[in-house]
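Engineer: Quick one: structure below, then a few questions.
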Amino acid sequence: MPVTDYATVPLADYREYPIEEMRERLAAFYEDVNRRRTVREFSDRPVPRDIVETALKAAGTAPSGANLQPWHFVVVSGPDTKRRIREAAELEEREFYEHRASEEWLEALAPLGTDSDKPFLETAPYLIAVFLKKFDELEDGRKVKHYYPTESTGLATGILITALHHAGLATLTHTPSPMKFLNEILGRPKSERPFLLLVVGYPADDAEVPDITRKPLEDFTSFVAE
Ligand code: IYR
């Protein structure tokens, strides 16, 4: 897409709320997102595809460097492809847990109880492979460089996770490393780097999550008012 002068339009969709309503809306939003937990035990209950599509549309509204939207999402529901992804991921994960991970890293993971077995990659109805596009390729072969693709794709993924949670679905942010195998299995070009694999579905009926807490606000923010 060549950069041209954009026409501008009025900010017609912006909404201002009275401060009290702002507080109420934010309190309700916080209460909702604060219930989100990363889930590692999924049900195989199906989820209609349009639900995932709408969540992806929400993800596609993320801000991005020069509005180049440097992401691509592959939604996998086919059992054969899920099995191939599981097999490839478990191969990498075994290497990770048995050799690659430092003692320090394994200690940090211990409270989560994770290991190299990834049954959820086959159980959950959807795997969404998120790819970061380093550049776009035009039909005439010219390349359009992307700016801040990591930040942009991270922002889009955050919105996707929040949208799916809002819909009442559970997600697991899975990062097998390295995950080049996703390009091969999913037929994505070299210009795309696998960013992460999002597991999506209903939690298993007996799903449990680690008893962990989130940092209080004052531990992760500071205010500079002068
Ligand atoms: N990718 C491995 C290890 C892992 C790493 C982090 I950082 C986590 O927060 C959780 C797991 C795995 O998926 O098991």
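Simple scheme: letters A, B, ... for chains in structure tokens order, numbers from 1 for residues in each chain, numbers from 1 for ligands in the order shown.
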Do you have, as CSV, the list of residues of chain A lying at most 6 Å from ligand 1, each with its nearest atom pair and that distance in Å to one decimal, counting only C-alpha atoms and all ligand atoms and ordered by chain then number?

Structural biologist:
residue,atom,partner,partner_atom_place_in_ligand_line,distance
A:Thr114,CA,ligand 1,14 (O),5.2
A:Asp115,CA,ligand 1,14 (O),5.2
A:Ser116,CA,ligand 1,14 (O),5.7
A:His174,CA,ligand 1,13 (O),5.2
A:Thr175,CA,ligand 1,1 (N),4.7
A:Pro176,CA,ligand 1,1 (N),4.4

Engineer: Within 10 Å of segment 134-146 of chain A, which residues of segment 171-208 of chain A come that close, and what is the closest atom pair and distance in Å for each? Count only C-alpha atoms and give it as CSV.

Structural biologist:
residue,atom,partner,partner_atom,distance
A:Lys190,CA,A:Lys134,CA,9.2
A:Ser191,CA,A:Lys134,CA,5.7
A:Glu192,CA,A:Lys134,CA,6.1
A:Arg193,CA,A:Lys134,CA,7.4

Engineer: Just the residues within 12 Å of Glu87 of chain A, please, counting only C-alpha atoms, with nothing from its chain fewer than 6 positions along; format it as number ranges by chain.

Structural biologist: A: 80-81, 93-94, 116-122, 176, 179, 181-182, 185

Engineer: Let me see the file: selected residues, N, CA and C atoms, as a PDB file, in the first residue's frame.

Structural biologist:
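Saved as again_21.pdb:
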ATOM      1  N   ASP A  80      -6.424 -33.481  12.060  1.00  0.00           N
ATOM      2  CA  ASP A  80      -5.112 -33.908  11.557  1.00  0.00           C
ATOM      3  C   ASP A  80      -4.062 -32.828  11.776  1.00  0.00           C
ATOM      4  N   THR A  81      -4.438 -31.591  11.458  1.00  0.00           N
ATOM      5  CA  THR A  81      -3.483 -30.492  11.626  1.00  0.00           C
ATOM      6  C   THR A  81      -3.194 -30.268  13.112  1.00  0.00           C
ATOM      7  N   GLU A  93       9.088 -29.138  23.118  1.00  0.00           N
ATOM      8  CA  GLU A  93       8.911 -28.966  24.564  1.00  0.00           C
ATOM      9  C   GLU A  93       9.747 -29.968  25.350  1.00  0.00           C
ATOM     10  N   ARG A  94       9.854 -31.187  24.829  1.00  0.00           N
ATOM     11  CA  ARG A  94      10.682 -32.184  25.535  1.00  0.00           C
ATOM     12  C   ARG A  94      12.137 -31.707  25.588  1.00  0.00           C
ATOM     13  N   SER A 116       5.986 -31.137  29.315  1.00  0.00           N
ATOM     14  CA  SER A 116       6.067 -31.204  27.850  1.00  0.00           C
ATOM     15  C   SER A 116       4.853 -31.881  27.206  1.00  0.00           C
ATOM     16  N   ASP A 117       3.925 -32.351  28.009  1.00  0.00           N
ATOM     17  CA  ASP A 117       2.708 -32.970  27.471  1.00  0.00           C
ATOM     18  C   ASP A 117       1.692 -31.899  27.129  1.00  0.00           C
ATOM     19  N   LYS A 118       1.234 -31.868  25.901  1.00  0.00           N
ATOM     20  CA  LYS A 118       0.327 -30.794  25.499  1.00  0.00           C
ATOM     21  C   LYS A 118      -0.970 -31.349  24.889  1.00  0.00           C
ATOM     22  N   PRO A 119      -1.734 -32.139  25.663  1.00  0.00           N
ATOM     23  CA  PRO A 119      -2.955 -32.741  25.122  1.00  0.00           C
ATOM     24  C   PRO A 119      -3.966 -31.702  24.642  1.00  0.00           C
ATOM     25  N   PHE A 120      -3.954 -30.515  25.284  1.00  0.00           N
ATOM     26  CA  PHE A 120      -4.929 -29.473  24.911  1.00  0.00           C
ATOM     27  C   PHE A 120      -4.792 -29.069  23.443  1.00  0.00           C
ATOM     28  N   LEU A 121      -3.618 -29.317  22.852  1.00  0.00           N
ATOM     29  CA  LEU A 121      -3.442 -28.943  21.438  1.00  0.00           C
ATOM     30  C   LEU A 121      -4.328 -29.794  20.527  1.00  0.00           C
ATOM     31  N   GLU A 122      -4.821 -30.926  21.061  1.00  0.00           N
ATOM     32  CA  GLU A 122      -5.771 -31.726  20.272  1.00  0.00           C
ATOM     33  C   GLU A 122      -7.190 -31.627  20.811  1.00  0.00           C
ATOM     34  N   PRO A 176       5.470 -22.671  22.253  1.00  0.00           N
ATOM     35  CA  PRO A 176       6.530 -23.658  22.037  1.00  0.00           C
ATOM     36  C   PRO A 176       7.711 -22.934  21.404  1.00  0.00           C
ATOM     37  N   MET A 179       9.262 -22.225  17.241  1.00  0.00           N
ATOM     38  CA  MET A 179       7.996 -22.684  16.633  1.00  0.00           C
ATOM     39  C   MET A 179       7.959 -22.484  15.125  1.00  0.00           C
ATOM     40  N   PHE A 181       8.100 -24.690  13.108  1.00  0.00           N
ATOM     41  CA  PHE A 181       7.298 -25.779  12.539  1.00  0.00           C
ATOM     42  C   PHE A 181       5.905 -25.301  12.137  1.00  0.00           C
ATOM     43  N   LEU A 182       5.460 -24.203  12.755  1.00  0.00           N
ATOM     44  CA  LEU A 182       4.120 -23.701  12.414  1.00  0.00           C
ATOM     45  C   LEU A 182       4.079 -23.183  10.974  1.00  0.00           C
ATOM     46  N   ILE A 185       3.863 -26.486   8.822  1.00  0.00           N
ATOM     47  CA  ILE A 185       2.583 -27.207   8.911  1.00  0.00           C
ATOM     48  C   ILE A 185       1.455 -26.364   8.326  1.00  0.00           C
TER      49      ILE A 185
END

Engineer: Determine which residues of segment 46-119 of chain A DSSP labels as helix (DSSP H, G or I) from the backbone of this structure, then write them out as a ChimeraX atom specification.

Structural biologist: /A:49-59,65-67,79-100,103-112

Engineer: Quick one: residues within 9 Å of Val74 of chain A, only C-alpha atoms, excluding same-chain residues fewer than 4 positions away - as a ChimeraX atom specification?

Structural biologist: /A:127-131,186

Engineer: Those residues with N, CA, C and O atoms, as a compact mmCIF listing (two decimals), in the first residue's frame please?

Structural biologist:
# COMPACT_ATOMS: atom_id res chain seq x y z
N LEU A 127 -7.13 -23.94 17.61
CA LEU A 127 -5.80 -23.38 17.87
C LEU A 127 -5.70 -22.18 16.95
O LEU A 127 -5.96 -22.30 15.75
N ILE A 128 -5.36 -21.05 17.50
CA ILE A 128 -5.14 -19.88 16.63
C ILE A 128 -3.64 -19.59 16.62
O ILE A 128 -3.07 -19.20 17.64
N ALA A 129 -3.02 -19.84 15.47
CA ALA A 129 -1.60 -19.55 15.34
C ALA A 129 -1.47 -18.09 14.91
O ALA A 129 -2.02 -17.68 13.88
N VAL A 130 -0.76 -17.32 15.74
CA VAL A 130 -0.59 -15.89 15.44
C VAL A 130 0.78 -15.70 14.79
O VAL A 130 1.80 -16.12 15.34
N PHE A 131 0.78 -15.09 13.64
CA PHE A 131 2.03 -14.80 12.93
C PHE A 131 2.24 -13.30 12.86
O PHE A 131 1.29 -12.53 12.69
N LEU A 186 1.50 -25.04 8.56
CA LEU A 186 0.38 -24.20 8.15
C LEU A 186 0.64 -23.49 6.81
O LEU A 186 -0.18 -22.69 6.36

Engineer: Would you compute the distance between atom CA of Leu160 of chain A and atom CA of Arg37 of chain A? Give it in Å to one decimal.

Structural biologist: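 Value for the atom CA of Leu160 of chain A-atom CA of Arg37 of chain A distance: 14.3 Å.
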
Engineer: With only C-alpha atoms as the atoms that count, which of A:Ala124, A:Ala66, A:Leu196, A:Ala225 lies nearest to Asp44 of chain A?

Structural biologist: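 Of all the options, A:Ala124 lies closest to Asp44 of chain A.
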
Engineer: Restricting the calculation to only C-alpha atoms, which member of A:Ile212, A:Leu164, A:Ile159, A:Leu169 is positioned closest to Ala59 of chain A?

Structural biologist: A:Ile159

Engineer: Using only C-alpha atoms for the distances, tell me which of A:Ser77, A:Thr221, A:Thr150, A:Thr162 is nearest to Arg35 of chain A.

Structural biologist: A:Thr162

Engineer: Would you list the contacts of Glu151 of chain A as a list of chain:residue names, taking every protein, DNA or RNA residue within 10 Å and counting only C-alpha atoms, but skipping same-chain residues closer than 2 positions in sequence?

Structural biologist: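 Here the answer would be A:Pro63, A:Ser64, A:Gly65, A:Pro70, A:Leu132, A:Tyr147, A:Tyr148, A:Pro149, A:Thr153, A:Gly154, A:Leu155, A:Ala156, A:Thr157.
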
Engineer: If you run DSSP over the backbone, which residues in chain A end up strand (DSSP E)? Put them as number ranges by chain.

Structural biologist: A: 71-76, 126-133, 135-137, 143-145, 170-174, 192-201

Engineer: Go ahead and write the residues just picked, C-alpha atoms, as a compact mmCIF listing (two decimals), in the first residue's frame.

Structural biologist:
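What landed in part_29.txt:
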# COMPACT_ATOMS: atom_id res chain seq x y z
CA TRP A 71 -0.37 -9.84 11.68
CA HIS A 72 -1.89 -13.01 10.33
CA PHE A 73 -4.07 -15.46 12.27
CA VAL A 74 -4.48 -19.09 11.23
CA VAL A 75 -7.51 -20.73 12.86
CA VAL A 76 -6.98 -24.48 13.08
CA TYR A 126 -9.47 -24.19 18.01
CA LEU A 127 -5.80 -23.38 17.87
CA ILE A 128 -5.14 -19.88 16.63
CA ALA A 129 -1.60 -19.55 15.34
CA VAL A 130 -0.59 -15.89 15.44
CA PHE A 131 2.03 -14.80 12.93
CA LEU A 132 3.92 -11.53 12.83
CA LYS A 133 4.56 -10.26 9.32
CA PHE A 135 6.83 -7.19 5.61
CA ASP A 136 4.02 -7.46 3.10
CA GLU A 137 4.69 -8.62 -0.41
CA LYS A 143 8.13 -5.45 -0.32
CA VAL A 144 6.42 -3.11 2.13
CA LYS A 145 8.37 -2.93 5.38
CA ALA A 170 -11.01 -19.81 27.83
CA THR A 171 -7.59 -19.36 26.26
CA LEU A 172 -4.07 -20.57 26.80
CA THR A 173 -1.17 -18.57 25.47
CA HIS A 174 1.21 -21.26 24.33
CA GLU A 192 5.94 -14.37 8.72
CA ARG A 193 7.31 -15.24 12.14
CA PRO A 194 5.22 -17.41 14.47
CA PHE A 195 4.36 -15.19 17.42
CA LEU A 196 2.38 -17.52 19.64
CA LEU A 197 -0.21 -20.24 19.59
CA LEU A 198 -3.53 -19.47 21.27
CA VAL A 199 -5.56 -22.45 22.46
CA VAL A 200 -9.29 -21.60 22.51
CA GLY A 201 -12.35 -23.37 23.84

Engineer: So, with only C-alpha atoms as the atoms that count, which of A:Val47, A:Ala110, A:Ala163, A:Val39 lies closest to Ala204 of chain A?

Structural biologist: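 Among the listed residues, A:Val39 lies closest to Ala204 of chain A.
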
Engineer: If you measure from atom CA of Pro79 of chain A to atom CA of Pro46 of chain A, what distance in Å do you get, rounded to one decimal?

Structural biologist: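 Taking atom CA of Pro79 of chain A and atom CA of Pro46 of chain A, their separation equals 12.5 Å.
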
Engineer: So the first atom is atom CA of Pro10 of chain A and the second is atom CA of Ala62 of chain A; what is the distance between them in Å, to one decimal place?

Structural biologist: 19.8 Å

Engineer: Closest to Ser177 of chain A among A:Val52, A:Met22, A:Ala89, A:Ala7, using only C-alpha atoms?

Structural biologist: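 Closest candidate: A:Ala89.
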